[in-house]
Structures are given as structure tokens and as C-alpha cells.
>>> print(open('start.pdb').read())   # PDB, C-alpha atoms and all ligand atoms
MODEL        1
ATOM      1  CA  MET A 232     -24.224   0.014  12.135
ATOM      2  CA  PRO A 233     -20.997  -1.102  13.795
ATOM      3  CA  ASP A 234     -19.604  -2.421  10.482
ATOM      4  CA  ASP A 235     -20.124   0.965   8.819
ATOM      5  CA  GLU A 236     -18.524   2.662  11.771
ATOM      6  CA  THR A 237     -15.505   0.394  11.508
ATOM      7  CA  ALA A 238     -15.232   1.034   7.759
ATOM      8  CA  ALA A 239     -15.527   4.781   8.375
ATOM      9  CA  GLN A 240     -12.836   4.640  11.038
ATOM     10  CA  ARG A 241     -10.549   2.685   8.703
ATOM     11  CA  ASN A 242     -11.114   5.187   5.895
ATOM     12  CA  ALA A 243     -10.368   8.023   8.305
ATOM     13  CA  LEU A 244      -7.107   6.353   9.320
ATOM     14  CA  VAL A 245      -6.036   5.864   5.701
ATOM     15  CA  ASP A 246      -6.962   9.507   4.963
ATOM     16  CA  SER A 247      -4.889  10.698   7.929
ATOM     17  CA  LEU A 248      -1.909   8.574   6.898
ATOM     18  CA  THR A 249      -2.205   9.751   3.285
ATOM     19  CA  GLU A 250      -2.351  13.395   4.363
ATOM     20  CA  ALA A 251       0.703  12.890   6.571
ATOM     21  CA  ALA A 252       2.553  11.084   3.758
ATOM     22  CA  VAL A 253       1.800  13.826   1.206
ATOM     23  CA  GLY A 254       2.973  16.384   3.776
ATOM     24  CA  ALA A 255       6.170  14.428   4.349
ATOM     25  CA  ALA A 256       6.817  14.235   0.593
ATOM     26  CA  ARG A 257       7.065  18.045   0.572
ATOM     27  CA  GLY A 258      10.329  17.650   2.464
ATOM     28  CA  ALA A 259      11.826  15.293  -0.117
ATOM     29  CA  TYR A 260      15.334  16.061  -1.364
ATOM     30  CA  ARG A 261      14.968  14.891  -4.953
ATOM     31  CA  PRO A 262      17.319  16.780  -7.281
ATOM     32  CA  TYR A 263      18.123  13.680  -9.380
ATOM     33  CA  SER A 264      14.972  11.640  -9.986
ATOM     34  CA  GLY A 265      12.492  14.454  -9.416
ATOM     35  CA  LEU A 266      10.242  11.980  -7.601
ATOM     36  CA  GLY A 267       9.275  13.074  -4.114
ATOM     37  CA  VAL A 268       8.149  10.215  -1.879
ATOM     38  CA  GLY A 269       6.386  10.477   1.452
ATOM     39  CA  ALA A 270       5.690   7.654   3.887
ATOM     40  CA  ALA A 271       3.479   7.676   6.963
ATOM     41  CA  ALA A 272       2.725   4.877   9.376
ATOM     42  CA  LEU A 273       0.647   4.241  12.444
ATOM     43  CA  ALA A 274       3.065   3.047  15.116
ATOM     44  CA  ILE A 275       2.666   1.728  18.631
ATOM     45  CA  GLY A 276       4.980   1.318  21.529
ATOM     46  CA  PRO A 277       7.463   0.411  22.631
ATOM     47  CA  ASP A 278       6.116  -1.969  25.267
ATOM     48  CA  ALA A 279       5.897  -0.649  28.785
ATOM     49  CA  GLY A 280       9.211  -1.058  30.561
ATOM     50  CA  SER A 281      11.310  -0.641  27.439
ATOM     51  CA  PRO A 282      14.446   1.464  27.951
ATOM     52  CA  ALA A 283      13.086   3.907  25.361
ATOM     53  CA  GLY A 284      10.347   4.675  27.939
ATOM     54  CA  ALA A 285       9.122   8.010  26.606
ATOM     55  CA  ALA A 286       6.744   6.508  24.060
ATOM     56  CA  ASP A 287       5.417   3.600  26.184
ATOM     57  CA  GLY A 288       2.230   2.194  24.651
ATOM     58  CA  ARG A 289       1.651   5.337  22.635
ATOM     59  CA  VAL A 290      -0.066   5.107  19.257
ATOM     60  CA  ARG A 291       1.259   7.782  16.923
ATOM     61  CA  ILE A 292       2.003   8.645  13.302
ATOM     62  CA  VAL A 293       5.602   8.540  12.102
ATOM     63  CA  VAL A 294       6.691   9.940   8.738
ATOM     64  CA  GLY A 295       9.576  10.045   6.292
ATOM     65  CA  CYS A 296      10.651  11.406   2.907
ATOM     66  CA  ASN A 297      13.276  10.351   0.394
ATOM     67  CA  VAL A 298      16.686  11.988   0.512
ATOM     68  CA  GLU A 299      18.692  11.518  -2.681
ATOM     69  CA  ASN A 300      22.461  11.560  -3.073
ATOM     70  CA  ALA A 301      24.827  12.480  -5.890
ATOM     71  CA  SER A 302      26.185   8.947  -5.727
ATOM     72  CA  TYR A 303      22.622   7.739  -6.494
ATOM     73  CA  GLY A 304      23.066   4.388  -4.726
ATOM     74  CA  LEU A 305      23.289   6.075  -1.319
ATOM     75  CA  THR A 306      19.815   7.549  -1.709
ATOM     76  CA  LEU A 307      17.619   7.068   1.340
ATOM     77  CA  CYS A 308      14.073   5.994   0.594
ATOM     78  CA  ALA A 309      11.154   7.592   2.428
ATOM     79  CA  GLU A 310      10.683   4.333   4.349
ATOM     80  CA  CYS A 311      14.278   4.566   5.685
ATOM     81  CA  SER A 312      13.531   8.023   6.971
ATOM     82  CA  LEU A 313      10.244   6.762   8.477
ATOM     83  CA  VAL A 314      12.040   3.995  10.383
ATOM     84  CA  SER A 315      14.445   6.615  11.683
ATOM     85  CA  ASP A 316      11.438   8.660  12.869
ATOM     86  CA  LEU A 317      10.010   5.538  14.579
ATOM     87  CA  HIS A 318      13.150   5.226  16.668
ATOM     88  CA  ARG A 319      13.637   8.967  17.118
ATOM     89  CA  THR A 320      10.209   9.082  18.769
ATOM     90  CA  GLY A 321      10.837   6.177  21.141
ATOM     91  CA  GLY A 322      10.733   3.001  19.053
ATOM     92  CA  GLY A 323       7.998   0.382  18.880
ATOM     93  CA  ARG A 324       6.298  -1.330  15.952
ATOM     94  CA  LEU A 325       4.762  -0.239  12.669
ATOM     95  CA  LEU A 326       1.085  -1.194  12.265
ATOM     96  CA  GLU A 327      -0.201   0.437   9.056
ATOM     97  CA  LEU A 328       1.675   2.187   6.249
ATOM     98  CA  VAL A 329       0.960   4.534   3.355
ATOM     99  CA  VAL A 330       3.593   5.507   0.757
ATOM    100  CA  VAL A 331       2.795   8.171  -1.853
ATOM    101  CA  SER A 332       4.482  10.290  -4.484
ATOM    102  CA  HIS A 333       4.585  14.065  -4.068
ATOM    103  CA  THR A 334       1.479  14.197  -6.278
ATOM    104  CA  GLY A 335      -0.364  11.855  -3.918
ATOM    105  CA  GLU A 336      -0.218   8.694  -6.047
ATOM    106  CA  PRO A 337       0.121   5.510  -3.998
ATOM    107  CA  LEU A 338       3.507   3.809  -4.374
ATOM    108  CA  ALA A 339       4.666   0.328  -3.465
ATOM    109  CA  PRO A 340       7.712   0.071  -1.182
ATOM    110  CA  CYS A 341      10.831  -1.041  -3.078
ATOM    111  CA  GLY A 342      12.373  -4.442  -2.371
ATOM    112  CA  ARG A 343      14.998  -3.185   0.059
ATOM    113  CA  CYS A 344      12.363  -1.258   1.995
ATOM    114  CA  ARG A 345      10.138  -4.324   2.256
ATOM    115  CA  GLN A 346      12.988  -5.981   4.152
ATOM    116  CA  LEU A 347      13.465  -2.882   6.303
ATOM    117  CA  LEU A 348       9.726  -2.740   7.054
ATOM    118  CA  HIS A 349       9.698  -6.444   7.936
ATOM    119  CA  GLU A 350      12.216  -5.744  10.698
ATOM    120  CA  HIS A 351      10.031  -3.041  12.265
ATOM    121  CA  GLY A 352       6.501  -4.196  11.467
ATOM    122  CA  GLY A 353       6.685  -7.889  10.654
ATOM    123  CA  PRO A 354       4.529  -9.802   8.163
ATOM    124  CA  GLY A 355       1.323  -8.412   9.711
ATOM    125  CA  LEU A 356       2.099  -4.796   8.815
ATOM    126  CA  VAL A 357      -0.819  -3.460   6.761
ATOM    127  CA  VAL A 358       0.404  -1.684   3.615
ATOM    128  CA  HIS A 359      -2.159   0.491   1.803
ATOM    129  CA  THR A 360      -1.298   0.076  -1.881
ATOM    130  CA  ALA A 361      -2.945   1.101  -5.149
ATOM    131  CA  ARG A 362      -4.841  -2.223  -5.026
ATOM    132  CA  GLY A 363      -5.949  -1.793  -1.442
ATOM    133  CA  ALA A 364      -4.727  -2.999   1.936
ATOM    134  CA  VAL A 365      -2.300  -5.914   1.857
ATOM    135  CA  ARG A 366      -0.118  -7.479   4.528
ATOM    136  CA  LEU A 367       3.628  -7.103   4.225
ATOM    137  CA  GLY A 368       3.839 -10.903   4.368
ATOM    138  CA  GLU A 369       2.137 -10.923   0.968
ATOM    139  CA  LEU A 370       4.622  -8.399  -0.478
ATOM    140  CA  LEU A 371       7.625 -10.194   1.047
ATOM    141  CA  PRO A 372       6.729 -13.835   1.569
ATOM    142  CA  ASP A 373       8.998 -16.199   3.521
ATOM    143  CA  ALA A 374      11.060 -13.258   4.725
ATOM    144  CA  PHE A 375      14.414 -13.541   6.402
ATOM    145  CA  GLY A 376      14.236 -11.725   9.713
ATOM    146  CA  PRO A 377      15.548 -11.240  13.240
ATOM    147  CA  GLU A 378      14.151 -14.606  14.333
ATOM    148  CA  ASP A 379      16.534 -16.347  11.901
ATOM    149  CA  LEU A 380      19.499 -15.089  13.918
ATOM    150  CA  ARG A 381      18.291 -16.624  17.199
TER
HETATM  151  N1  LIG B 401      11.936   5.746  -3.374
HETATM  152  C1  LIG B 401      11.449   5.742  -2.101
HETATM  153  O1  LIG B 401      11.576   6.742  -1.375
HETATM  154  N2  LIG B 401      10.832   4.626  -1.636
HETATM  155  C2  LIG B 401      10.628   3.490  -2.366
HETATM  156  O2  LIG B 401      10.142   2.496  -1.833
HETATM  157  C3  LIG B 401      10.969   3.497  -3.785
HETATM  158  C4  LIG B 401      11.845   4.600  -4.251
HETATM  159  C5  LIG B 401      12.627   6.939  -3.866
HETATM  160  C6  LIG B 401      14.114   6.793  -3.990
HETATM  161  C7  LIG B 401      14.450   7.815  -5.045
HETATM  162  O3  LIG B 401      14.709   9.056  -4.415
HETATM  163  C8  LIG B 401      13.185   7.940  -5.874
HETATM  164  O4  LIG B 401      12.173   7.271  -5.146
HETATM  165  C9  LIG B 401      13.299   7.321  -7.257
HETATM  166  O5  LIG B 401      13.744   6.004  -7.169
ENDMDL
END
>>> encode(input="start.pdb", output="C-alpha cells")
Amino acid sequence: MPDDETAAQRNALVDSLTEAAVGAARGAYRPYSGLGVGAAALAIGPDAGSPAGAADGRVRIVVGCNVENASYGLTLCAECSLVSDLHRTGGGRLLELVVVSHTGEPLAPCGRCRQLLHEHGGPGLVVHTARGAVRLGELLPDAFGPEDLR
């Protein structure tokens, strides 16, 4: 049945993102909190003709891990590192996201990262949380964003 196939494909995508996120968490630099965090997202783009060219129209997985700092407040969340990977690999938009601890438990993006994710995925970004798939617009309603500066 097509519906089953779609559900199976969605589960396979979430499994792939979770595996990539757990793998990314292995790279975490976490001497202070002890919590390793891995993030993985399905990304697309940029649009054909973008100056970043190399990744035109390409769907791919981008990843990140948290990198802590002795000053604590300068710690980079896994999502920051993931956004860096998005741009390192040509730019584009985030479509679906998984964030996990180093033990594989699903984690919700912190408040600052919700804003960061809004910039690169918008309110339609699908975030796979402990309670299932939710849109970023639900986690960060009425967001301030790039359109407010136009
Ligand atoms: N952390 C993330 O990587 N992402 C989040 O969205 C929440 C918090 C990290 C930062 C820090 O290294 C550790 O988790 C504990 O706060």
C-alpha cells in the first residue's frame, strides 16, 4: 500500500538521521557538562544558479556536535555546528532535523538554536522530538526572522 510505503520511507529517513546524529555526537567536545549532543538534518540546495553552485539542488545529510568552552557561555551547540556544515557543503535549506544525546536519547533544540534553525529552515522545518515530528513553527511561534529586516 502506498501509505505503508510512505510511512516506511519516513521511518527510514528518521533512522538514517538518528544514526548520523549519534555518530556526530561521538565527536562532541564535552569536558564540562559531560553531555554529548549530535544533530543531523536532511538539507536541500542551494537553488540552481546560487553562487555556492557546488551543491545545486542536492539533497544531503548535514551533521554537527557540541563543542564546549572553558568560559561555558561560548559553548557551541550541536545545531550551531550543523548550520556550519550546511554552509560548508554549499548552503541551502534544512528540511528535517534530529537532535540526540550521545546515548541516543532525543533532545529538543535549546531556545537560541530554535532561532538559529528558523533562519536556515524556517517554520516548516520538521523537528523529530521525543513526542514525534513537529514543525519548528510550533516550537518557536511568531518568530522574528530575516523577513522582518526587509
Ligand atoms: N546543547 C546542544 O548542543 N544543543 C542544544 O540544543 C542544547 C544544549 C549542548 C550544549 C552543552 O555542551 C550541553 O548541551 C549541555 O548544555
>>> residues_near_ligand(input="start.pdb", ligand="ligand LIG 401 (chain B)", cutoff="12 Å", atoms="only C-alpha atoms and all ligand atoms", output="number ranges by chain")
A: 252, 255-256, 258-271, 294-313, 328-333, 337-348, 358, 360
>>> closest_residue(input="start.pdb", among="A:Gly254, A:Pro277, A:Gly363, A:Gly376", to="His318 in chain A", atoms="only C-alpha atoms")
A:Pro277
>>> residues_around(input="start.pdb", residues="range 233-245 of chain A", least_positions_apart="3", cutoff="9 Å", atoms="only C-alpha atoms", output="list in words")
Leu248, Thr249, Glu250, Leu273, Glu327, Leu328, Val329 and His359 of chain A
>>> atom_distance(input="start.pdb", atom1="CA of Leu380 in chain A", atom2="CA of Gly323 in chain A")
19.9 Å
>>> closest_residue(input="start.pdb", among="A:Leu356, A:Val293, A:Leu367, A:Leu325", to="Ile275 in chain A", atoms="all atoms listed in the file")
A:Leu325
>>> atom_distance(input="start.pdb", atom1="CA of Ala374 in chain A", atom2="CA of Val314 in chain A")
18.2 Å
>>> closest_residue(input="start.pdb", among="A:Asp373, A:Asp246, A:Val253, A:Ala272", to="His351 in chain A", atoms="only C-alpha atoms")
A:Ala272
>>> closest_residue(input="start.pdb", among="A:Arg324, A:Arg381, A:Arg366, A:Arg289", to="Glu350 in chain A", atoms="only C-alpha atoms")
A:Arg324
